[in-house]
$ cat entry12.cif   # mmCIF, C-alpha atoms and all ligand atoms
data_structure
loop_
_atom_site.label_atom_id
_atom_site.label_comp_id
_atom_site.auth_asym_id
_atom_site.auth_seq_id
_atom_site.Cartn_x
_atom_site.Cartn_y
_atom_site.Cartn_z
CA MET A 2 2.23 -24.73 13.51
CA THR A 3 5.51 -24.44 15.44
CA PRO A 4 7.08 -21.00 16.15
CA GLU A 5 10.06 -22.10 14.03
CA ARG A 6 7.87 -22.95 11.02
CA ARG A 7 5.93 -19.69 11.40
CA ALA A 8 9.17 -17.66 11.51
CA ALA A 9 10.50 -19.51 8.45
CA LEU A 10 7.34 -18.66 6.49
CA VAL A 11 7.59 -14.98 7.49
CA LYS A 12 11.22 -14.91 6.29
CA ASP A 13 10.28 -16.55 2.97
CA ARG A 14 7.60 -13.93 2.44
CA ALA A 15 10.03 -11.12 3.39
CA ARG A 16 12.47 -12.31 0.72
CA ALA A 17 9.69 -12.54 -1.85
CA LEU A 18 8.74 -8.94 -1.01
CA GLY A 19 12.30 -7.75 -1.75
CA PHE A 20 13.81 -7.59 1.75
CA GLU A 21 17.33 -9.02 1.63
CA SER A 22 17.40 -10.09 5.24
CA CYS A 23 14.87 -10.78 7.95
CA GLY A 24 15.27 -11.79 11.58
CA VAL A 25 13.19 -12.02 14.73
CA THR A 26 13.96 -10.89 18.25
CA ASP A 27 12.12 -10.27 21.50
CA LEU A 28 11.40 -6.92 23.14
CA SER A 29 13.59 -7.09 26.22
CA PRO A 30 15.47 -3.85 26.99
CA PRO A 31 18.37 -3.19 24.56
CA PRO A 32 21.72 -3.94 26.24
CA HIS A 33 23.20 -0.70 24.84
CA ALA A 34 20.38 1.63 25.89
CA GLU A 35 22.90 3.43 28.15
CA GLN A 36 24.66 4.66 25.00
CA LEU A 37 21.50 6.51 24.03
CA THR A 38 21.28 8.11 27.47
CA THR A 39 24.88 9.36 27.28
CA TRP A 40 24.46 10.49 23.66
CA LEU A 41 21.44 12.59 24.58
CA ALA A 42 22.97 13.96 27.79
CA THR A 43 26.07 15.16 25.95
CA GLY A 44 23.99 17.07 23.39
CA MET A 45 24.93 14.84 20.45
CA ALA A 46 21.35 14.77 19.16
CA GLY A 47 21.68 18.47 18.35
CA THR A 48 18.24 19.91 17.67
CA MET A 49 16.56 16.53 17.06
CA THR A 50 14.28 17.00 20.06
CA TYR A 51 12.18 14.02 19.01
CA MET A 52 15.12 11.83 20.05
CA HIS A 53 14.71 13.11 23.63
CA ARG A 54 10.92 12.64 23.50
CA GLN A 55 11.25 9.05 22.22
CA ALA A 56 14.07 8.00 24.56
CA GLY A 57 11.88 6.25 27.15
CA LEU A 58 10.28 3.98 24.56
CA ARG A 59 13.58 3.29 22.83
CA ARG A 60 14.96 2.05 26.13
CA GLU A 61 11.90 -0.13 26.73
CA PRO A 62 10.72 -1.39 23.35
CA GLU A 63 8.08 -3.66 24.93
CA ARG A 64 6.10 -0.45 25.60
CA ILE A 65 6.11 0.70 21.94
CA VAL A 66 3.18 -1.49 20.89
CA PRO A 67 1.29 -2.75 23.95
CA GLY A 68 0.85 -6.51 23.78
CA ALA A 69 3.62 -7.10 21.25
CA THR A 70 6.22 -9.71 22.25
CA ARG A 71 8.30 -10.03 19.09
CA VAL A 72 9.78 -7.78 16.46
CA VAL A 73 10.46 -8.88 12.91
CA VAL A 74 13.32 -6.80 11.50
CA VAL A 75 14.06 -6.51 7.78
CA THR A 76 16.64 -4.74 5.62
CA ARG A 77 16.33 -3.33 2.13
CA ASN A 78 19.36 -2.54 -0.03
CA HIS A 79 19.57 1.02 -1.38
CA TYR A 80 23.06 0.98 -2.87
CA VAL A 81 23.58 2.83 -6.11
CA PRO A 82 26.99 3.92 -7.45
CA ASP A 83 27.88 7.61 -7.40
CA PRO A 84 28.27 9.53 -10.66
CA PRO A 85 31.87 9.20 -11.89
CA PRO A 86 34.33 11.69 -10.37
CA PRO A 87 35.21 14.46 -10.81
CA HIS A 88 31.68 15.66 -10.26
CA ARG A 89 30.61 18.13 -12.86
CA SER A 90 31.14 21.58 -11.49
CA GLY A 91 27.94 23.31 -10.61
CA ARG A 92 26.39 20.06 -9.36
CA GLY A 93 25.63 18.99 -5.80
CA LEU A 94 25.70 15.36 -4.63
CA VAL A 95 22.67 13.72 -2.98
CA ALA A 96 23.18 10.72 -0.66
CA LYS A 97 22.48 7.35 -2.26
CA TYR A 98 19.44 6.54 -0.15
CA ALA A 99 17.56 9.60 -1.37
CA ARG A 100 17.80 9.29 -5.15
CA GLY A 101 14.20 8.29 -5.63
CA LYS A 102 10.89 8.10 -3.82
CA ASP A 103 11.03 8.86 -0.10
CA TYR A 104 11.75 5.45 1.45
CA HIS A 105 9.23 5.96 4.23
CA ASP A 106 6.55 5.96 1.54
CA ALA A 107 8.18 3.44 -0.81
CA LEU A 108 8.66 0.69 1.76
CA ARG A 109 5.41 1.06 3.67
CA ALA A 110 3.42 -1.10 1.24
CA PRO A 111 5.80 -4.13 1.22
CA LEU A 112 6.13 -3.87 5.01
CA GLN A 113 2.35 -3.82 5.35
CA GLU A 114 2.14 -6.89 3.13
CA LEU A 115 4.61 -8.65 5.39
CA ALA A 116 2.53 -7.60 8.38
CA GLN A 117 -0.53 -9.16 6.73
CA GLU A 118 1.37 -12.43 6.31
CA ILE A 119 2.20 -12.36 10.04
CA GLU A 120 -1.46 -11.71 10.85
CA ARG A 121 -2.49 -14.58 8.60
CA LEU A 122 -0.12 -16.98 10.36
CA GLY A 123 -1.10 -15.87 13.84
CA GLU A 124 -4.25 -16.27 15.89
CA SER A 125 -7.42 -14.34 15.01
CA GLU A 126 -6.53 -10.98 16.61
CA THR A 127 -2.80 -10.88 15.86
CA ILE A 128 -1.05 -7.53 16.34
CA ALA A 129 1.34 -6.56 13.51
CA ARG A 130 2.37 -2.90 13.39
CA VAL A 131 4.99 -1.60 10.99
CA PHE A 132 7.72 1.02 11.53
CA ILE A 133 10.37 2.43 9.28
CA ASP A 134 12.72 5.10 10.62
CA ALA A 135 10.03 7.37 12.05
CA GLY A 136 8.85 6.13 15.42
CA PRO A 137 10.58 5.39 18.74
CA VAL A 138 12.21 2.15 17.56
CA PRO A 139 15.92 1.42 18.30
CA GLU A 140 16.20 -0.08 14.84
CA ARG A 141 19.91 -0.83 14.65
CA GLU A 142 20.03 -2.36 18.09
CA LEU A 143 17.05 -4.62 17.29
CA ALA A 144 18.51 -5.55 13.89
CA GLN A 145 21.78 -6.62 15.51
CA ARG A 146 19.85 -8.64 18.06
CA ALA A 147 17.77 -10.26 15.32
CA GLY A 148 21.03 -11.50 13.81
CA LEU A 149 21.15 -9.24 10.75
CA GLY A 150 24.64 -7.82 11.26
CA TRP A 151 26.95 -5.96 13.63
CA ILE A 152 27.18 -2.30 14.59
CA GLY A 153 30.20 -0.84 12.81
CA LYS A 154 32.56 1.81 14.12
CA ASN A 155 30.63 4.28 11.94
CA THR A 156 27.49 3.30 13.95
CA MET A 157 25.92 1.61 10.90
CA LEU A 158 24.35 -1.84 10.92
CA ILE A 159 26.64 -3.85 8.62
CA ASP A 160 25.30 -7.00 6.98
CA PRO A 161 28.19 -9.44 6.47
CA LYS A 162 26.83 -10.40 3.04
CA ALA A 163 25.75 -6.99 1.77
CA GLY A 164 27.39 -4.13 3.70
CA SER A 165 25.57 -1.20 5.25
CA PHE A 166 23.75 0.51 2.38
CA CYS A 167 20.33 -0.61 3.54
CA PHE A 168 17.20 0.65 5.22
CA ILE A 169 15.85 -1.07 8.31
CA GLY A 170 12.15 -1.74 8.82
CA SER A 171 10.39 -3.51 11.67
CA ILE A 172 7.07 -5.12 12.54
CA PHE A 173 5.98 -5.41 16.16
CA THR A 174 3.77 -8.41 16.77
CA ASP A 175 2.36 -10.82 19.33
CA ALA A 176 2.57 -13.77 16.90
CA ASP A 177 4.48 -16.69 18.37
CA LEU A 178 7.65 -16.57 16.26
CA ALA A 179 10.95 -18.29 17.03
CA ILE A 180 13.67 -15.75 17.78
CA ASP A 181 17.10 -15.62 16.16
CA LEU A 182 20.52 -15.49 17.77
CA PRO A 183 22.08 -12.02 17.97
CA PHE A 184 25.00 -11.21 15.66
CA GLU A 185 27.73 -11.18 18.31
CA ALA A 186 30.89 -10.82 16.22
CA ASP A 187 32.53 -7.45 15.59
CA ARG A 188 33.94 -7.67 12.09
CA CYS A 189 35.47 -4.18 12.00
CA GLY A 190 38.67 -5.51 13.52
CA THR A 191 41.41 -2.88 13.65
CA CYS A 192 40.06 -0.97 10.64
CA ARG A 193 39.27 2.69 11.29
CA LYS A 194 38.83 3.98 7.75
CA CYS A 195 35.36 5.41 8.48
CA LEU A 196 36.58 7.31 11.54
CA ASP A 197 39.56 8.79 9.69
CA ALA A 198 37.67 9.67 6.51
CA CYS A 199 35.00 11.85 8.13
CA PRO A 200 35.78 15.41 6.97
CA THR A 201 34.22 16.98 10.06
CA ASP A 202 35.61 14.52 12.65
CA ALA A 203 32.10 13.64 13.72
CA PHE A 204 33.12 10.44 15.57
CA PRO A 205 34.48 11.33 19.03
CA GLN A 206 35.03 7.59 19.53
CA GLU A 207 34.20 4.30 17.84
CA ARG A 208 30.44 3.71 17.53
CA VAL A 209 29.56 7.21 18.69
CA LEU A 210 28.48 9.91 16.25
CA ASP A 211 28.16 13.53 17.28
CA SER A 212 25.28 14.61 15.06
CA ARG A 213 26.17 18.27 15.46
CA LEU A 214 29.28 17.65 13.35
CA CYS A 215 27.79 15.14 10.88
CA ILE A 216 27.22 16.37 7.31
CA SER A 217 24.11 14.21 7.10
CA TYR A 218 22.61 15.96 10.14
CA LEU A 219 23.72 19.42 9.02
CA THR A 220 22.22 19.10 5.53
CA ILE A 221 19.01 17.25 6.50
CA GLU A 222 18.01 17.86 10.11
CA HIS A 223 19.66 21.14 11.11
CA ARG A 224 17.62 24.30 10.66
CA GLY A 225 19.18 27.73 10.28
CA GLU A 226 22.74 28.68 9.48
CA ILE A 227 25.58 26.13 9.32
CA ALA A 228 28.82 27.26 10.99
CA SER A 229 31.30 28.29 8.29
CA SER A 230 34.03 25.94 9.55
CA LEU A 231 31.66 22.97 9.03
CA ALA A 232 30.14 24.32 5.82
CA ALA A 233 33.62 24.47 4.29
CA GLN A 234 33.95 20.69 4.85
CA MET A 235 30.67 19.83 3.14
CA GLY A 236 32.24 20.03 -0.33
CA HIS A 237 29.55 19.48 -2.95
CA ARG A 238 27.27 17.45 -0.64
CA VAL A 239 23.80 18.99 -0.66
CA PHE A 240 21.77 16.25 1.02
CA GLY A 241 23.08 13.62 3.41
CA CYS A 242 26.53 12.05 3.35
CA ASP A 243 27.85 8.57 2.60
CA ILE A 244 31.57 9.04 3.23
CA CYS A 245 31.76 6.81 6.33
CA GLN A 246 30.04 4.06 4.33
CA ASP A 247 31.84 4.61 1.01
CA VAL A 248 35.23 3.93 2.59
CA CYS A 249 34.08 0.82 4.47
CA PRO A 250 35.82 -2.31 3.11
CA TRP A 251 32.62 -4.30 3.63
CA ASN A 252 30.77 -1.98 1.27
CA GLN A 253 33.64 -1.86 -1.20
CA LYS A 254 33.50 -5.63 -1.36
CA PHE A 255 29.79 -6.37 -1.15
CA ALA A 256 27.68 -3.31 -2.04
CA THR A 257 25.62 -4.26 -5.08
CA GLU A 258 23.04 -2.29 -6.97
CA ILE A 259 19.74 -4.11 -7.03
CA GLY A 260 16.99 -2.76 -9.24
CA ASP A 261 14.16 -1.84 -6.89
CA ALA A 262 11.03 -0.57 -8.60
CA ALA A 263 9.50 0.52 -5.29
CA LEU A 264 12.23 3.14 -4.78
CA GLU A 265 11.50 4.76 -8.19
CA ARG A 266 15.13 5.76 -8.74
CA ASP A 267 15.81 8.84 -10.83
CA ALA A 268 19.47 9.27 -11.93
CA ALA A 269 18.89 13.03 -12.21
CA LEU A 270 18.48 13.12 -8.43
CA ALA A 271 22.08 12.02 -7.84
CA GLU A 272 23.46 15.41 -8.82
CA ILE A 273 21.53 18.61 -8.44
CA ASP A 274 21.99 21.84 -10.37
CA LEU A 275 23.32 24.18 -7.70
CA ARG A 276 22.44 27.39 -9.49
CA LYS A 277 18.79 26.36 -9.87
CA MET A 278 18.52 24.94 -6.34
CA SER A 279 20.10 28.04 -4.75
CA ASP A 280 17.10 30.13 -5.78
CA ILE A 281 14.33 27.57 -6.23
CA ALA A 282 10.83 28.84 -5.43
CA ASP A 283 8.89 26.96 -2.73
CA ALA A 284 6.16 25.86 -5.15
CA GLU A 285 8.64 24.56 -7.72
CA PHE A 286 10.56 22.71 -5.00
CA ASP A 287 7.37 20.99 -3.84
CA ARG A 288 6.45 20.05 -7.41
CA SER A 289 9.91 18.66 -8.25
CA TYR A 290 11.02 17.14 -4.95
CA GLY A 291 7.89 16.76 -2.81
CA TRP A 292 7.90 12.98 -3.44
CA THR A 293 11.51 12.54 -2.29
CA ALA A 294 13.31 12.62 1.05
CA LEU A 295 14.61 16.08 0.13
CA GLU A 296 11.33 17.32 1.48
CA ARG A 297 12.71 16.94 5.02
CA PRO A 298 15.01 20.00 4.85
CA GLY A 299 12.51 21.50 2.41
CA ALA A 300 13.11 24.36 0.00
CA THR A 301 14.65 26.54 2.72
CA GLY A 302 17.19 23.91 3.77
CA MET A 303 18.04 22.89 0.22
CA ARG A 304 18.57 26.50 -0.91
CA ARG A 305 20.98 26.91 2.02
CA ASN A 306 22.82 23.65 1.20
CA ALA A 307 23.09 24.50 -2.52
CA ARG A 308 24.53 27.94 -1.78
CA ILE A 309 27.16 26.40 0.50
CA ALA A 310 28.10 23.78 -2.12
CA ALA A 311 28.31 26.49 -4.82
CA SER A 312 30.57 28.59 -2.62
CA ASN A 313 32.74 25.55 -1.82
CA ALA A 314 33.10 24.90 -5.57
CA LEU A 315 34.45 28.44 -6.06
CA GLU A 316 37.05 27.83 -3.33
CA GLU A 317 38.35 24.62 -4.97
C1 LIG A 401 18.74 10.07 14.51
C2 LIG A 401 19.17 9.34 13.27
C3 LIG A 401 20.21 9.90 12.53
C4 LIG A 401 21.08 11.04 13.06
C5 LIG A 401 22.07 10.46 14.11
C6 LIG A 401 22.77 9.17 13.62
C7 LIG A 401 23.43 8.34 14.70
N1 LIG A 401 24.50 7.65 14.35
O1 LIG A 401 22.96 8.29 15.82
C8 LIG A 401 21.71 11.58 11.75
C9 LIG A 401 20.83 12.69 11.17
C10 LIG A 401 23.14 12.09 11.87
C11 LIG A 401 21.60 10.34 10.84
C12 LIG A 401 22.41 10.13 9.74
C13 LIG A 401 22.32 9.00 8.92
N2 LIG A 401 21.35 8.07 8.95
CO1 LIG A 401 20.02 7.94 10.35
N3 LIG A 401 18.77 7.57 11.74
C14 LIG A 401 18.54 8.15 12.87
C15 LIG A 401 17.46 7.37 13.65
C16 LIG A 401 16.11 8.09 13.51
C17 LIG A 401 17.81 7.15 15.13
C18 LIG A 401 19.25 6.68 15.39
C19 LIG A 401 19.58 6.69 16.87
O2 LIG A 401 18.84 6.18 17.67
N4 LIG A 401 20.68 7.35 17.24
C20 LIG A 401 21.11 7.44 18.62
C21 LIG A 401 22.31 6.53 18.81
C22 LIG A 401 22.77 6.59 20.27
O3 LIG A 401 21.84 5.24 18.53
P1 LIG A 401 22.44 4.29 17.40
O4 LIG A 401 23.51 4.96 16.62
O5 LIG A 401 21.33 3.67 16.63
O6 LIG A 401 23.19 3.22 18.32
C23 LIG A 401 22.47 2.27 19.06
C24 LIG A 401 23.01 0.86 18.82
O7 LIG A 401 23.86 0.86 17.70
C25 LIG A 401 23.66 0.48 20.11
N5 LIG A 401 25.10 0.31 20.17
C26 LIG A 401 26.01 1.24 20.40
N6 LIG A 401 27.22 0.68 20.49
C27 LIG A 401 27.05 -0.63 20.32
C28 LIG A 401 27.96 -1.67 20.32
C29 LIG A 401 27.52 -2.97 20.09
C30 LIG A 401 28.51 -4.08 20.09
C31 LIG A 401 26.14 -3.19 19.85
C32 LIG A 401 25.64 -4.58 19.56
C33 LIG A 401 25.22 -2.14 19.85
C34 LIG A 401 25.71 -0.88 20.10
O8 LIG A 401 23.38 1.46 21.08
C35 LIG A 401 22.71 2.58 20.55
C36 LIG A 401 21.46 2.80 21.38
O9 LIG A 401 20.52 1.76 21.21
C37 LIG A 401 17.47 5.99 12.89
C38 LIG A 401 16.11 5.29 12.77
C39 LIG A 401 15.67 4.66 14.06
N7 LIG A 401 14.37 4.73 14.30
O10 LIG A 401 16.45 4.13 14.82
C40 LIG A 401 18.01 6.37 11.48
C41 LIG A 401 18.97 5.37 10.80
C42 LIG A 401 19.97 4.94 11.85
N8 LIG A 401 19.64 6.18 9.81
C43 LIG A 401 19.92 5.56 8.71
C44 LIG A 401 20.67 6.12 7.63
C45 LIG A 401 20.59 5.38 6.30
C46 LIG A 401 21.43 7.28 7.81
C47 LIG A 401 22.50 7.86 6.87
C48 LIG A 401 23.34 6.81 6.15
C49 LIG A 401 21.82 8.80 5.83
C50 LIG A 401 22.78 9.51 4.88
N9 LIG A 401 23.29 8.86 3.85
O11 LIG A 401 23.05 10.68 5.07
C51 LIG A 401 23.35 8.70 7.88
C52 LIG A 401 24.46 7.84 8.51
C53 LIG A 401 25.26 8.55 9.56
C54 LIG A 401 25.79 7.56 10.62
N10 LIG A 401 27.05 7.17 10.52
O12 LIG A 401 25.01 7.15 11.50
C55 LIG A 401 19.45 4.12 8.77
C56 LIG A 401 20.66 3.21 9.04
C57 LIG A 401 20.66 1.84 8.36
C58 LIG A 401 21.88 1.04 8.78
N11 LIG A 401 22.35 0.16 7.89
O13 LIG A 401 22.40 1.16 9.88
C59 LIG A 401 18.39 4.19 9.95
C60 LIG A 401 18.26 2.90 10.75
C61 LIG A 401 17.03 4.56 9.29
C62 LIG A 401 16.37 3.38 8.58
N12 LIG A 401 15.22 2.92 9.04
O14 LIG A 401 16.86 2.83 7.61
N13 LIG A 401 20.64 9.50 11.29
#
$ encode --input "entry12.cif" --output "structure tokens"
Amino acid sequence: MTPERRAALVKDRARALGFESCGVTDLSPPPHAEQLTTWLATGMAGTMTYMHRQAGLRREPERIVPGATRVVVVTRNHYVPDPPPPHRSGRGLVAKYARGKDYHDALRAPLQELAQEIERLGESETIARVFIDAGPVPERELAQRAGLGWIGKNTMLIDPKAGSFCFIGSIFTDADLAIDLPFEADRCGTCRKCLDACPTDAFPQERVLDSRLCISYLTIEHRGEIASSLAAQMGHRVFGCDICQDVCPWNQKFATEIGDAALERDAALAEIDLRKMSDIADAEFDRSYGWTALERPGATGMRRNARIAASNALEE
């Protein structure tokens, strides 16, 4: 079988498994690896020390899975509309991607199935190892190189047919698959809506995000107190932030809700009762939210976020 035919079969299977787009690239060093070096050196990773630990492998993806020569990159839509404004007072908003089962868990099975297809098409001992988010993989850079979209000024991978509300998954393999052309165009043009809309001015320049100022980082990754000047800008956001994506014309035009059983959406997760969350007991938090991405900040982080959102509501 030719590498082209093999790649076409992998892409067919990816679509059948619910991945909207799928591309293949090689594991040569990412052309923008320098950006990561600068980003880390200027402290923009905040307390995400794993980003420092993983930096070497991110710069040299051929070392991530020894023997692998190709990476199959897929995207999965997670768009869901927000509850209608104005948000009911006493409620905190959760980012769209997290209104259901933790995506690391939800997408592992379909990715594994795709990996099995790659193994089936390859030689007897084919390598096919899956990654989604966790792991030292420069996912956006590889996705762009696999032809799936461009890197927007908000740093998101933007698919020209679907926008940016998607997860990225990857499979490292040694199967002989034909590679795709990179997505070279920059379709942001002169637009700077994402940069201007960020309430905390987290973009010091186009395509650079200072995590320390990003509401997503503050509510999910940051431990401890949040500086009051930043907390005041969080509004009613209690987990993650979608503002730089919500204002993007590509999302306004193309974002579509696709029913996805694997994500086990729960509409109640879109808006959280701030009074209850402010004082939730650890055990109750684990019972109610242990299956979601809210587990990352945990009960301690979510109590903090809910108290900030409640106090912001009083100020309004
Ligand atoms: C750390 C991290 C964060 C941090 C830092 C984000 C950031 N912008 O760096 C925080 C906690 C803030 C965060 C927030 C969010 N995240 Co996050 N995050 C990651 C993680 C683990 C690493 C990202 C990273 O390496 N950052 C370091 C910077 C330097 O790298 P980078 O932004 O990816 O940029 C690279 C390329 O874009 C390239 N590059 C730079 N300029 C240019 C220019 C051109 C022309 C080209 C071609 C390339 C290029 O160079 C860089 C180095 O390789 C990835 C998963 C992964 N394993 O990669 C998810 C990931 C990026 N996050 C994701 C999501 C969904 C989010 C949120 C939307 C969640 C939310 N709703 O709150 C927000 C979005 C905020 C934003 N605008 O980025 C998705 C993004 C999907 C997509 N369509 O792009 C990912 C891929 C996870 C996944 N598997 O789905 N995240």
$ residues_around --input "entry12.cif" --residues "range 88-94 of chain A" --least-positions-apart "3" --cutoff "9 Å" --atoms "all atoms listed in the file" --output "list of chain:residue names"
A:Asp83, A:Pro84, A:Pro85, A:Lys97, A:Gly236, A:His237, A:Arg238, A:Val239, A:Phe240, A:Gly241, A:Cys242, A:Leu270, A:Ala271, A:Glu272, A:Ile273, A:Asp274, A:Leu275, A:Arg276, A:Asn306, A:Ala307, A:Ala310, A:Ala311, A:Ala314
$ closest_residue --input "entry12.cif" --among "A:Met235, A:Ala300, A:Met157, A:Ala176" --to "ligand LIG 401 (chain A)" --atoms "all atoms listed in the file"
A:Met157
$ axis_aligned_box --input "entry12.cif" --around "ligand LIG 401 (chain A)" --padding-each-side "5 Å" --output "lines of an AutoDock Vina configuration file"
center_x = 21.4
center_y = 4.1
center_z = 12.6
size_x = 24.1
size_y = 27.3
size_z = 27.5
$ residues_around --input "entry12.cif" --residues "Ile133 in chain A" --least-positions-apart "6" --cutoff "10 Å" --atoms "all atoms listed in the file" --output "JSON, numbers by chain"
{"A": [74, 75, 104, 105, 106, 108, 109, 112, 140, 168, 169, 170, 171, 172]}
$ closest_residue --input "entry12.cif" --among "A:Val81, A:Phe255, A:Val95, A:Gly190" --to "Asp160 in chain A" --atoms "all atoms listed in the file"
A:Phe255
$ closest_residue --input "entry12.cif" --among "A:Arg304, A:Ser125, A:Phe132, A:Leu214" --to "Pro200 in chain A" --atoms "all atoms listed in the file"
A:Leu214
$ closest_residue --input "entry12.cif" --among "A:Ile159, A:Ile180, A:Ala42, A:Ile119" --to "ligand LIG 401 (chain A)" --atoms "all atoms listed in the file"
A:Ile159
$ closest_residue --input "entry12.cif" --among "A:Ser289, A:Ser217, A:Ser229, A:Thr301" --to "ligand LIG 401 (chain A)" --atoms "all atoms listed in the file"
A:Ser217
